[in-house]
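K.L.:
Following this line is input-v3.txt, made up of compact mmCIF, C-alpha atoms (C1' of nucleotides):
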```txt
# COMPACT_ATOMS: atom_id res chain seq x y z
CA MET A 1 -63.71 6.53 -11.38
CA ALA A 2 -60.89 5.38 -9.08
CA GLU A 3 -60.91 7.15 -5.70
CA PRO A 4 -57.90 9.43 -5.30
CA ALA A 5 -56.61 7.73 -2.16
CA HIS A 6 -52.97 8.73 -2.43
CA ARG A 7 -53.30 11.91 -4.34
CA GLY A 8 -49.63 12.47 -5.14
CA GLU A 9 -49.22 9.03 -6.59
CA ALA A 10 -52.62 8.50 -8.13
CA LEU A 11 -52.44 11.65 -10.22
CA LEU A 12 -48.83 11.27 -11.29
CA TYR A 13 -49.97 10.60 -14.82
CA LEU A 14 -51.49 14.07 -14.99
CA THR A 15 -48.31 16.08 -14.46
CA ASP A 16 -47.35 18.58 -17.15
CA GLU A 17 -44.32 16.45 -17.93
CA GLN A 18 -46.44 13.35 -18.51
CA LEU A 19 -48.80 15.35 -20.68
CA ARG A 20 -45.91 16.69 -22.71
CA GLN A 21 -44.71 13.17 -23.32
CA GLY A 22 -48.15 12.24 -24.53
CA ILE A 23 -48.17 15.21 -26.88
CA GLU A 24 -44.82 14.25 -28.34
CA ALA A 25 -45.87 10.63 -28.60
CA MET A 26 -48.92 11.71 -30.61
CA PHE A 27 -46.78 13.76 -32.93
CA PHE A 28 -44.15 11.11 -33.59
CA ALA A 29 -46.69 8.31 -33.84
CA TYR A 30 -48.83 10.20 -36.32
CA ARG A 31 -45.85 10.49 -38.62
CA GLY A 32 -45.50 6.75 -38.57
CA PHE A 33 -49.22 6.37 -38.98
CA THR A 34 -49.20 8.21 -42.32
CA ALA A 35 -45.76 7.16 -43.53
CA ASP A 36 -46.67 3.94 -45.36
CA PRO A 37 -49.62 5.23 -47.42
CA ASP A 38 -47.64 8.38 -48.20
CA ARG A 39 -44.79 6.30 -49.55
CA ILE A 40 -47.05 4.10 -51.65
CA LEU A 41 -48.79 7.12 -53.16
CA ASP A 42 -45.45 8.76 -53.93
CA GLU A 43 -44.41 5.68 -55.86
CA LEU A 44 -47.69 5.53 -57.76
CA ASN A 45 -47.65 9.21 -58.60
CA HIS A 46 -45.12 8.89 -61.36
CA ASP A 47 -47.71 8.02 -64.01
CA ARG A 48 -50.42 10.42 -62.95
CA ALA A 49 -51.15 14.01 -63.95
CA GLN A 50 -52.44 15.16 -60.58
CA ASN A 51 -50.50 13.59 -57.76
CA TYR A 52 -52.47 11.93 -55.02
CA GLY A 53 -51.72 12.68 -51.41
CA ARG A 54 -53.15 12.22 -47.98
CA ALA A 55 -56.32 14.07 -48.88
CA HIS A 56 -57.07 11.49 -51.57
CA HIS A 57 -56.29 8.66 -49.21
CA ARG A 58 -58.64 10.04 -46.58
CA ALA A 59 -61.46 10.50 -49.06
CA ILE A 60 -61.03 6.97 -50.37
CA HIS A 61 -60.84 5.58 -46.87
CA PHE A 62 -64.11 7.11 -45.72
CA ILE A 63 -65.97 6.38 -48.92
CA HIS A 64 -64.90 2.78 -48.49
CA CYS A 65 -66.08 2.72 -44.87
CA ALA A 66 -69.39 4.46 -45.56
CA PRO A 67 -70.35 3.55 -49.13
CA GLY A 68 -73.10 5.72 -50.51
CA THR A 69 -72.25 8.60 -48.19
CA THR A 70 -73.22 12.05 -49.40
CA VAL A 71 -70.74 14.80 -50.09
CA ASN A 72 -72.02 16.77 -47.11
CA ASN A 73 -71.56 13.89 -44.74
CA LEU A 74 -68.04 13.32 -46.03
CA LEU A 75 -67.29 17.00 -45.52
CA GLY A 76 -68.29 16.66 -41.90
CA MET A 77 -66.06 13.65 -41.36
CA LEU A 78 -63.04 15.13 -43.03
CA GLY A 79 -63.51 18.58 -41.54
CA VAL A 80 -62.57 20.53 -44.66
CA THR A 81 -64.39 22.94 -46.96
CA LYS A 82 -66.37 21.66 -49.89
CA GLN A 83 -64.04 23.46 -52.29
CA SER A 84 -61.11 21.60 -50.83
CA LEU A 85 -62.86 18.26 -50.94
CA ASN A 86 -64.25 18.92 -54.39
CA ARG A 87 -60.82 19.34 -55.90
CA VAL A 88 -59.82 15.95 -54.57
CA LEU A 89 -63.11 14.27 -55.38
CA ARG A 90 -63.14 15.56 -58.94
CA THR A 91 -59.82 13.97 -59.78
CA LEU A 92 -60.86 10.71 -58.15
CA ILE A 93 -64.05 10.64 -60.22
CA GLU A 94 -62.24 11.64 -63.41
CA ASP A 95 -59.70 8.89 -62.86
CA GLY A 96 -62.47 6.36 -62.33
CA LEU A 97 -61.73 5.53 -58.69
CA VAL A 98 -64.94 6.97 -57.31
CA GLU A 99 -68.45 6.92 -58.67
CA SER A 100 -70.98 9.65 -57.89
CA ARG A 101 -74.65 8.65 -58.15
CA VAL A 102 -77.61 11.01 -57.94
CA GLY A 103 -79.73 10.38 -54.84
CA ARG A 104 -82.95 8.40 -55.27
CA THR A 105 -85.12 10.12 -52.70
CA ASP A 106 -83.37 13.48 -52.76
CA ARG A 107 -81.96 14.09 -56.19
CA ARG A 108 -79.83 17.02 -55.05
CA GLU A 109 -77.59 14.68 -53.15
CA ARG A 110 -74.73 12.74 -54.66
CA HIS A 111 -73.90 9.36 -53.20
CA LEU A 112 -70.30 8.28 -53.41
CA TYR A 113 -69.00 4.78 -54.09
CA LEU A 114 -65.64 3.28 -54.84
CA THR A 115 -65.21 1.61 -58.20
CA ASP A 116 -63.28 -1.66 -58.47
CA GLU A 117 -60.17 0.34 -59.21
CA GLY A 118 -60.84 2.61 -56.25
CA ARG A 119 -61.35 -0.38 -54.00
CA ALA A 120 -58.06 -1.82 -55.20
CA LEU A 121 -56.17 1.32 -54.27
CA GLU A 122 -57.97 1.59 -50.94
CA GLN A 123 -57.01 -1.99 -50.20
CA ARG A 124 -53.41 -1.41 -51.02
CA LEU A 125 -53.14 1.72 -48.88
CA SER A 126 -55.03 0.41 -45.90
CA ASP A 127 -53.21 -2.92 -46.02
CA ALA A 128 -50.01 -1.03 -45.41
CA GLN A 129 -51.52 1.13 -42.71
CA ARG A 130 -53.14 -1.82 -41.00
CA ALA A 131 -49.91 -3.78 -41.11
CA ARG A 132 -48.18 -1.13 -39.04
CA MET A 133 -51.17 -0.89 -36.74
CA ARG A 134 -51.28 -4.66 -36.34
CA ALA A 135 -47.59 -4.81 -35.45
CA ALA A 136 -48.04 -2.05 -32.89
CA TYR A 137 -51.15 -3.70 -31.41
CA ARG A 138 -49.48 -7.08 -31.20
CA GLU A 139 -46.43 -5.61 -29.54
CA ALA A 140 -48.48 -3.62 -27.04
CA GLY A 141 -51.08 -6.27 -26.18
CA PRO A 142 -54.86 -6.15 -25.86
CA GLU A 143 -55.08 -4.12 -22.65
CA ALA A 144 -52.81 -1.42 -24.00
CA VAL A 145 -54.91 -1.32 -27.16
CA ALA A 146 -58.08 -0.82 -25.16
CA GLY A 147 -56.45 2.06 -23.30
CA PHE A 148 -55.16 3.51 -26.53
CA ARG A 149 -58.63 3.65 -27.99
CA THR A 150 -60.16 5.03 -24.82
CA VAL A 151 -57.74 7.94 -24.64
CA LEU A 152 -58.05 8.72 -28.35
CA GLU A 153 -61.82 8.84 -28.11
CA ALA A 154 -61.59 11.17 -25.13
CA MET A 155 -59.32 13.49 -27.11
CA MET A 156 -61.77 14.00 -29.96
CA ASP A 157 -63.94 17.04 -30.43
CA PRO A 158 -67.58 16.11 -29.77
CA GLU A 159 -68.49 16.42 -33.43
CA MET A 160 -65.64 14.17 -34.47
CA ARG A 161 -66.67 11.67 -31.82
CA ARG A 162 -70.15 11.66 -33.33
CA HIS A 163 -68.71 10.80 -36.72
CA TYR A 164 -66.41 8.21 -35.20
CA ARG A 165 -69.28 6.49 -33.45
CA ALA A 166 -71.59 6.76 -36.41
CA LEU A 167 -69.11 4.70 -38.39
CA ARG A 168 -69.20 2.05 -35.64
CA GLU A 169 -72.97 1.84 -35.73
CA VAL A 170 -73.30 1.38 -39.44
CA ARG A 171 -70.51 -1.14 -39.50
CA PRO A 172 -70.14 -2.76 -36.09
CA MET B 1 -45.39 -13.21 -26.60
CA ALA B 2 -48.64 -14.53 -25.14
CA GLU B 3 -49.44 -18.09 -26.21
CA PRO B 4 -52.44 -18.15 -28.56
CA ALA B 5 -54.49 -20.52 -26.44
CA HIS B 6 -57.94 -19.56 -27.67
CA ARG B 7 -57.01 -18.11 -30.99
CA GLY B 8 -60.37 -16.65 -31.91
CA GLU B 9 -60.79 -14.73 -28.70
CA ALA B 10 -57.23 -13.87 -27.81
CA LEU B 11 -56.54 -12.16 -31.13
CA LEU B 12 -59.88 -10.45 -31.51
CA TYR B 13 -58.22 -7.09 -31.16
CA LEU B 14 -56.14 -7.77 -34.25
CA THR B 15 -59.00 -8.14 -36.72
CA ASP B 16 -59.05 -5.83 -39.72
CA GLU B 17 -62.17 -4.22 -38.34
CA GLN B 18 -60.51 -3.44 -35.03
CA LEU B 19 -57.50 -2.06 -36.84
CA ARG B 20 -59.71 0.13 -38.98
CA GLN B 21 -61.31 1.55 -35.88
CA GLY B 22 -57.90 2.33 -34.51
CA ILE B 23 -56.96 4.08 -37.72
CA GLU B 24 -60.07 6.20 -37.64
CA ALA B 25 -59.58 6.94 -33.96
CA MET B 26 -56.07 8.19 -34.75
CA PHE B 27 -57.39 10.43 -37.48
CA PHE B 28 -60.23 11.96 -35.50
CA ALA B 29 -58.18 12.30 -32.34
CA TYR B 30 -55.33 14.04 -34.14
CA ARG B 31 -57.74 16.69 -35.32
CA GLY B 32 -58.68 17.37 -31.74
CA PHE B 33 -55.06 17.25 -30.73
CA THR B 34 -54.15 20.15 -33.02
CA ALA B 35 -57.43 22.06 -32.84
CA ASP B 36 -56.73 24.28 -29.83
CA PRO B 37 -53.29 25.57 -30.82
CA ASP B 38 -54.56 26.08 -34.37
CA ARG B 39 -57.39 28.22 -33.11
CA ILE B 40 -55.16 30.29 -30.86
CA LEU B 41 -52.72 30.94 -33.68
CA ASP B 42 -55.52 31.92 -36.02
CA GLU B 43 -56.67 34.54 -33.54
CA LEU B 44 -53.17 35.89 -33.05
CA ASN B 45 -52.46 36.02 -36.75
CA HIS B 46 -54.46 39.16 -37.36
CA ASP B 47 -51.62 41.50 -36.45
CA ARG B 48 -48.80 39.61 -38.10
CA ALA B 49 -47.35 39.78 -41.58
CA GLN B 50 -46.56 36.09 -41.94
CA ASN B 51 -49.20 33.95 -40.35
CA TYR B 52 -48.06 31.30 -37.95
CA GLY B 53 -49.32 27.76 -38.31
CA ARG B 54 -48.63 24.29 -37.05
CA ALA B 55 -45.10 24.36 -38.35
CA HIS B 56 -44.30 27.32 -36.11
CA HIS B 57 -45.94 25.65 -33.15
CA ARG B 58 -43.93 22.48 -33.66
CA ALA B 59 -40.66 24.37 -33.95
CA ILE B 60 -41.39 26.35 -30.79
CA HIS B 61 -42.44 23.22 -28.94
CA PHE B 62 -39.26 21.32 -29.64
CA ILE B 63 -36.98 24.27 -29.07
CA HIS B 64 -38.65 24.66 -25.71
CA CYS B 65 -38.18 20.99 -24.88
CA ALA B 66 -34.58 20.83 -26.04
CA PRO B 67 -33.12 24.30 -25.53
CA GLY B 68 -29.87 24.82 -27.36
CA THR B 69 -30.66 22.15 -29.94
CA THR B 70 -28.97 22.54 -33.31
CA VAL B 71 -30.84 23.10 -36.53
CA ASN B 72 -29.83 19.67 -37.76
CA ASN B 73 -31.18 17.96 -34.69
CA LEU B 74 -34.43 19.86 -34.99
CA LEU B 75 -34.66 18.81 -38.64
CA GLY B 76 -34.45 15.21 -37.57
CA MET B 77 -37.19 15.59 -35.00
CA LEU B 78 -39.55 17.46 -37.26
CA GLY B 79 -38.84 15.31 -40.31
CA VAL B 80 -38.85 18.16 -42.83
CA THR B 81 -36.26 19.65 -45.15
CA LYS B 82 -33.97 22.39 -43.95
CA GLN B 83 -35.48 24.80 -46.47
CA SER B 84 -38.90 24.21 -45.03
CA LEU B 85 -37.73 24.60 -41.46
CA ASN B 86 -35.61 27.60 -42.35
CA ARG B 87 -38.55 29.57 -43.63
CA VAL B 88 -40.37 29.02 -40.36
CA LEU B 89 -37.30 29.60 -38.22
CA ARG B 90 -36.41 32.81 -39.99
CA THR B 91 -39.74 34.43 -39.23
CA LEU B 92 -39.56 33.27 -35.62
CA ILE B 93 -36.10 34.80 -35.26
CA GLU B 94 -37.12 38.01 -37.03
CA ASP B 95 -40.11 38.36 -34.77
CA GLY B 96 -37.93 37.86 -31.72
CA LEU B 97 -39.44 34.58 -30.52
CA VAL B 98 -36.37 32.48 -31.12
CA GLU B 99 -32.71 33.26 -30.63
CA SER B 100 -29.99 31.60 -32.69
CA ARG B 101 -26.56 31.46 -31.09
CA VAL B 102 -23.40 30.38 -32.84
CA GLY B 103 -21.97 27.20 -31.36
CA ARG B 104 -19.08 27.53 -28.92
CA THR B 105 -17.13 24.41 -29.77
CA ASP B 106 -18.35 24.09 -33.36
CA ARG B 107 -19.05 27.51 -34.69
CA ARG B 108 -20.84 26.16 -37.76
CA GLU B 109 -23.71 25.04 -35.64
CA ARG B 110 -26.49 27.30 -34.50
CA HIS B 111 -28.06 26.63 -31.14
CA LEU B 112 -31.67 27.61 -30.78
CA TYR B 113 -33.34 29.11 -27.73
CA LEU B 114 -36.70 30.65 -27.01
CA THR B 115 -36.78 34.28 -25.98
CA ASP B 116 -39.10 35.43 -23.21
CA GLU B 117 -41.67 36.26 -25.84
CA GLY B 118 -41.21 32.87 -27.46
CA ARG B 119 -41.59 31.15 -24.15
CA ALA B 120 -44.79 33.07 -23.53
CA LEU B 121 -46.30 31.89 -26.80
CA GLU B 122 -45.12 28.34 -26.22
CA GLN B 123 -46.74 28.40 -22.83
CA ARG B 124 -50.01 29.66 -24.21
CA LEU B 125 -50.15 27.05 -26.97
CA SER B 126 -49.08 24.11 -24.89
CA ASP B 127 -51.35 25.10 -22.02
CA ALA B 128 -54.27 24.69 -24.37
CA GLN B 129 -52.96 21.44 -25.79
CA ARG B 130 -52.19 20.04 -22.36
CA ALA B 131 -55.61 21.01 -21.06
CA ARG B 132 -57.25 18.80 -23.65
CA MET B 133 -54.75 16.05 -22.98
CA ARG B 134 -55.33 16.32 -19.26
CA ALA B 135 -59.08 16.08 -19.67
CA ALA B 136 -58.70 13.02 -21.87
CA TYR B 137 -56.23 11.38 -19.48
CA ARG B 138 -58.43 12.06 -16.48
CA GLU B 139 -61.46 10.67 -18.24
CA ALA B 140 -59.62 7.56 -19.40
CA GLY B 141 -57.69 6.79 -16.24
CA PRO B 142 -54.05 5.83 -15.58
CA GLU B 143 -54.13 2.33 -17.03
CA ALA B 144 -55.64 3.52 -20.29
CA VAL B 145 -53.00 6.24 -20.46
CA ALA B 146 -50.22 3.70 -20.05
CA GLY B 147 -51.69 1.65 -22.87
CA PHE B 148 -52.10 4.72 -25.01
CA ARG B 149 -48.44 5.58 -24.71
CA THR B 150 -47.35 2.01 -25.29
CA VAL B 151 -49.24 1.70 -28.54
CA LEU B 152 -48.13 5.11 -29.79
CA GLU B 153 -44.51 4.25 -29.17
CA ALA B 154 -44.92 0.99 -31.03
CA MET B 155 -46.36 2.85 -34.01
CA MET B 156 -43.37 5.12 -34.47
CA ASP B 157 -40.69 4.69 -37.06
CA PRO B 158 -37.43 3.65 -35.40
CA GLU B 159 -35.82 7.01 -36.06
CA MET B 160 -38.76 8.87 -34.57
CA ARG B 161 -38.64 6.57 -31.56
CA ARG B 162 -34.99 7.51 -31.13
CA HIS B 163 -35.88 11.18 -31.05
CA TYR B 164 -38.79 10.51 -28.75
CA ARG B 165 -36.64 8.64 -26.27
CA ALA B 166 -33.80 11.13 -26.51
CA LEU B 167 -36.17 13.82 -25.25
CA ARG B 168 -37.03 11.61 -22.27
CA GLU B 169 -33.40 11.08 -21.34
CA VAL B 170 -32.44 14.73 -21.35
CA ARG B 171 -35.57 15.68 -19.44
CA PRO B 172 -36.85 12.73 -17.43
C1' DC C 1 -1.29 24.71 -45.51
C1' DT C 2 -4.55 23.14 -48.34
C1' DT C 3 -8.45 20.92 -49.45
C1' DG C 4 -12.58 18.20 -48.81
C1' DG C 5 -16.63 17.78 -46.48
C1' DA C 6 -20.08 19.16 -43.15
C1' DA C 7 -23.37 22.54 -41.25
C1' DT C 8 -25.82 26.26 -42.34
C1' DG C 9 -28.17 29.67 -44.98
C1' DT C 10 -30.43 31.42 -49.10
C1' DC C 11 -32.78 31.88 -53.66
C1' DA C 12 -36.07 30.24 -56.92
C1' DA C 13 -39.65 27.44 -58.40
C1' DC C 14 -43.29 24.27 -57.76
C1' DA C 15 -47.23 21.41 -55.78
C1' DA C 16 -50.62 19.90 -52.41
C1' DG C 17 -54.09 21.16 -49.84
C1' DG C 18 -56.03 24.18 -46.72
C1' DC C 19 -58.93 28.74 -46.84
C1' DT C 20 -62.49 32.70 -48.36
C1' DG C 21 -65.85 34.74 -51.36
C1' DA C 22 -68.94 34.88 -55.09
C1' DC C 23 -71.93 32.57 -58.02
C1' DT C 24 -74.79 28.87 -60.49
C1' DT C 25 -77.85 25.00 -60.81
C1' DA C 26 -81.16 21.96 -59.33
C1' DA C 27 -84.17 20.14 -56.16
C1' DA C 28 -86.83 20.22 -52.09
C1' DC C 29 -89.38 22.39 -48.62
C1' DT C 30 -92.90 25.81 -46.88
C1' DA D 1 -93.85 31.51 -55.47
C1' DG D 2 -90.11 32.12 -52.65
C1' DT D 3 -86.61 30.25 -49.63
C1' DT D 4 -83.45 27.00 -48.34
C1' DT D 5 -80.36 23.33 -49.20
C1' DA D 6 -76.85 20.22 -51.77
C1' DA D 7 -73.61 20.37 -54.82
C1' DG D 8 -70.37 22.16 -58.03
C1' DT D 9 -67.29 25.80 -59.87
C1' DC D 10 -64.08 29.71 -60.50
C1' DA D 11 -60.63 32.73 -58.80
C1' DG D 12 -57.35 33.87 -55.60
C1' DC D 13 -54.78 33.54 -51.36
C1' DC D 14 -51.76 31.25 -47.74
C1' DT D 15 -48.97 27.72 -45.41
C1' DT D 16 -46.00 24.23 -45.73
C1' DG D 17 -44.01 20.69 -47.88
C1' DT D 18 -40.73 19.50 -51.96
C1' DT D 19 -36.23 19.84 -55.29
C1' DG D 20 -32.15 21.94 -57.11
C1' DA D 21 -28.48 25.12 -57.16
C1' DC D 22 -25.24 27.70 -54.84
C1' DA D 23 -22.53 30.57 -51.13
C1' DT D 24 -20.43 30.73 -46.75
C1' DT D 25 -17.99 29.23 -42.96
C1' DC D 26 -15.20 26.37 -40.57
C1' DC D 27 -13.36 21.75 -38.87
C1' DA D 28 -10.30 18.21 -39.78
C1' DA D 29 -7.56 15.10 -42.46
C1' DG D 30 -3.96 14.70 -45.61
```
Please render this file's structure as structure tokens.
P.N.:
Amino acid sequence: MAEPAHRGEALLYLTDEQLRQGIEAMFFAYRGFTADPDRILDELNHDRAQNYGRAHHRAIHFIHCAPGTTVNNLLGMLGVTKQSLNRVLRTLIEDGLVESRVGRTDRRERHLYLTDEGRALEQRLSDAQRARMRAAYREAGPEAVAGFRTVLEAMMDPEMRRHYRALREVRP
Amino acid sequence: MAEPAHRGEALLYLTDEQLRQGIEAMFFAYRGFTADPDRILDELNHDRAQNYGRAHHRAIHFIHCAPGTTVNNLLGMLGVTKQSLNRVLRTLIEDGLVESRVGRTDRRERHLYLTDEGRALEQRLSDAQRARMRAAYREAGPEAVAGFRTVLEAMMDPEMRRHYRALREVRP
DNA sequence: CTTGGAATGTCAACAAGGCTGACTTAAACT
DNA sequence: AGTTTAAGTCAGCCTTGTTGACATTCCAAG
């Protein structure tokens, strides 16, 4: 920790006004963050019965990142109820984007995997999202990016931070 | 732009894996970002007819930050349809949290203000949100915070960035 | 003065995606 | 054998987003 030598100056970034700016930045940035996948899904939705939205994107994203994850684990990452997730998951399985395999050691569990088609959609969505992220990272530079990640991690609830880090460990 | 002297090292932070981590960090952090106001509203909702949610919080936040803003301007900031905003705004006005005054120069416009009661709720919600933000900022340090804000701003859609900066100019 | 357009408000209908509660099935643990 | 756990399902509710249609009010240009 940096010693608070000149208190007034050193803690300037902790004023209510600075915090408010951070809050607004989070809000506006998050809209950008979701804008591209949202748009792609909207376009694709014309030939589907059940429209896909952010919930489907999130499920696909995390199944891609943690292949073979159980439903319970996915529930923890997404932070929704199983009924909510199940509705999404069912359509993804029906449409052949996700495969659900019975567990080998514990046959109550279902392990989730993307099919080729699911992987293709995941790719398309995350390509768009990464493109925006890449542009922002490039513009901001490596030090800013490090700070960005540090602050975000500090903002998480402990349980979410666990999930966040668990993903890093499996796939470093 | 920094010259790509050692390409492999200099652009390490732009790998797909790094970008994915950033994406997940955004997702998990945003949940924390909204968790405290959500919880407070849930508790308060027991004695209300129409429950308040994030949409109400957002409306109150921006009316607080830009008192006297018109409905149209608020629409632009929030990025929703007027019907959607209207539903929220109507309940806030009915419940006496927001006041809508007819414009002086252009009497078609409505200018929005928080009442004392509205300000009290805004205070309560944003106190909680700022507390988390403050903790994260303190933990991360001033340089990280600067980077955080830089990246977030770079992630915004141009129109959102306009709104973001407009708030800074009025209230620097 | 009239008329077109802009800002606002309102009604109806619909969908996504959260939630709770109740209940079943199957498997594993004790 | 009985309990707990993982998953799935059904029904119903709410918020919050959407579209489309339409009324009102008022400014401003013709």
K.L.:
Could you superimpose chain B onto chain A using every C-alpha atom, matched in order, and tell me the RMSD in Å?
P.N.:
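That comparison of chain A with chain B gives 0.4 Å.
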K.L.:
To one decimal place in Å, what is the distance between atom CA of A:Pro142 and atom CA of A:Arg20?
P.N.:
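Atom-to-atom, atom CA of A:Pro142 and atom CA of A:Arg20 are spaced 24.7 Å apart.
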K.L.:
Could you make a table, as CSV, of the residues of stretch 9-63 of chain A that have an atom within 10 Å of an atom of stretch 17-22 of chain C, each with its nearest atom pair and distance in Å to one decimal, counting all atoms listed in the file, in chain and number order?
P.N.:
```
residue,atom,partner,partner_atom,distance
A:Gly53,CA,C:DG17,C1',8.9
A:Arg54,CA,C:DG17,C1',9.2
A:Ala55,CA,C:DG17,C1',7.5
```
K.L.:
Return as a Markdown table the residues of chain D lying at most 8 Å from chain A, together with the closest atom-to-atom pair for each and the distance in Å to one decimal, counting only C-alpha atoms (C1' of nucleotides), with rows in chain order and ascending residue number.
P.N.:
```
| residue | atom | partner | partner_atom | distance |
| --- | --- | --- | --- | --- |
| D:DA6 | C1' | A:Arg108 | CA | 5.5 |
| D:DA7 | C1' | A:Arg108 | CA | 7.1 |
| D:DG8 | C1' | A:Asn86 | CA | 7.8 |
```
K.L.:
Find the residues near stretch 26-30 of chain D: any atom within 12 Å, counting only C-alpha atoms (C1' of nucleotides), skip ones fewer than 6 places away on the same chain, and give them as a tab-separated table (two decimals) with C-alpha atoms (C1' of nucleotides), in the frame of the given file.
P.N.:
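Output file selection_23.tsv is given in full below:
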```tsv
chain	number	residue	atom	x	y	z
B	102	VAL	CA	-23.40	30.38	-32.84
B	103	GLY	CA	-21.97	27.20	-31.36
B	105	THR	CA	-17.13	24.41	-29.77
B	106	ASP	CA	-18.35	24.09	-33.36
B	107	ARG	CA	-19.05	27.51	-34.69
B	108	ARG	CA	-20.84	26.16	-37.76
B	109	GLU	CA	-23.71	25.04	-35.64
C	1	DC	C1'	-1.29	24.71	-45.51
C	2	DT	C1'	-4.55	23.14	-48.34
C	3	DT	C1'	-8.45	20.92	-49.45
C	4	DG	C1'	-12.58	18.20	-48.81
C	5	DG	C1'	-16.63	17.78	-46.48
C	6	DA	C1'	-20.08	19.16	-43.15
C	7	DA	C1'	-23.37	22.54	-41.25
C	8	DT	C1'	-25.82	26.26	-42.34
```
K.L.:
Please list as a PyMOL selection string every residue within 12 Å of B:Ser84, counting all atoms listed in the file and excluding residues in the same chain fewer than 4 positions away.
P.N.:
(chain B and resi 55-56+59+71+74-75+78-80+88-91) or (chain C and resi 10) or (chain D and resi 15-19)
K.L.:
How many Å lie between atom CA of B:Met133 and atom CA of A:Ala35, rounded to one decimal?
P.N.:
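Atom CA of A:Ala35 lies 24.1 Å from atom CA of B:Met133.
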K.L.:
Counting only C-alpha atoms, figure out which residue out of B:Gly147, B:Pro37, B:Pro67, B:Pro158 gets nearest to A:Gly22.
P.N.:
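So, comparing all the options, the nearest one is B:Gly147.
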K.L.:
Please provide as a VMD selection string all residues within 9 Å of A:Arg138, with the sequence filter that same-chain residues fewer than 2 positions apart are discarded (counting all atoms listed in the file).
P.N.:
(chain A and resid 133 to 136 140 to 142 145) or (chain B and resid 1 11 13 to 14)
K.L.:
So how many Å separate atom CA of A:Val170 and atom CA of A:Leu125, to one decimal?
P.N.:
22.3 Å
K.L.:
Counting only C-alpha atoms (C1' of nucleotides), select every polymer residue within 10 Å of (-49.1, 16.6, -22.6) as defined in the file's coordinates, and provide the selection as a ChimeraX atom specification.
P.N.:
/A:13-26 /B:126-134,137
K.L.:
Kindly indicate which residue among B:Leu41, B:Ile60, B:Ala66, B:His111 lies nearest to chain C, using all atoms listed in the file for the distances.
P.N.:
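With all atoms listed in the file as the atom set, the closest residue is B:His111.
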K.L.:
Just need the box for stretch 15-30 of chain D, edges along x, y and z, holding every atom the file lists for it with 5 Å tacked onto each side, so centre and edge lengths in Å to one decimal, as lines of an AutoDock Vina configuration file.
P.N.:
```
center_x = -26.5
center_y = 22.7
center_z = -48.0
size_x = 55.0
size_y = 26.0
size_z = 28.3
```
K.L.:
Can you pull out every residue within 10 Å of B:Phe27, counting only C-alpha atoms (C1' of nucleotides), but drop anything in the same chain fewer than 5 positions away, and send it as a ChimeraX atom specification?
P.N.:
/A:30,33-34,58,78,152,156,160,164 /B:21-22,32-33
K.L.:
Between B:Arg31, B:Arg124, B:His64, B:His57, which one has atoms that come closest to chain A, using only C-alpha atoms?
P.N.:
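Ranking B:Arg31, B:Arg124, B:His64, B:His57 by distance to chain A, first place goes to B:Arg31.
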K.L.:
Counting only C-alpha atoms (C1' of nucleotides), select every polymer residue within 10 Å of (-35.6, 38.4, -23.4) as defined in the file's coordinates, and provide the selection as a list in words.
P.N.:
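Within the cut-off we find Gly96, Leu97, Val98, Glu99, Leu114, Thr115, Asp116, Glu117, Gly118 and Arg119 of chain B.
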K.L.:
Please determine, counting all atoms listed in the file, which residue among A:Arg104, A:His61, A:Asp36, A:Leu44 has the shortest atom-to-atom distance to chain C.
P.N.:
A:Arg104
K.L.:
Which residue, B:Glu122, B:Glu143, B:Asp47, B:Glu94, has the smallest gap to chain A when you use all atoms listed in the file?
P.N.:
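Closest residue, counting all atoms listed in the file: B:Glu143.
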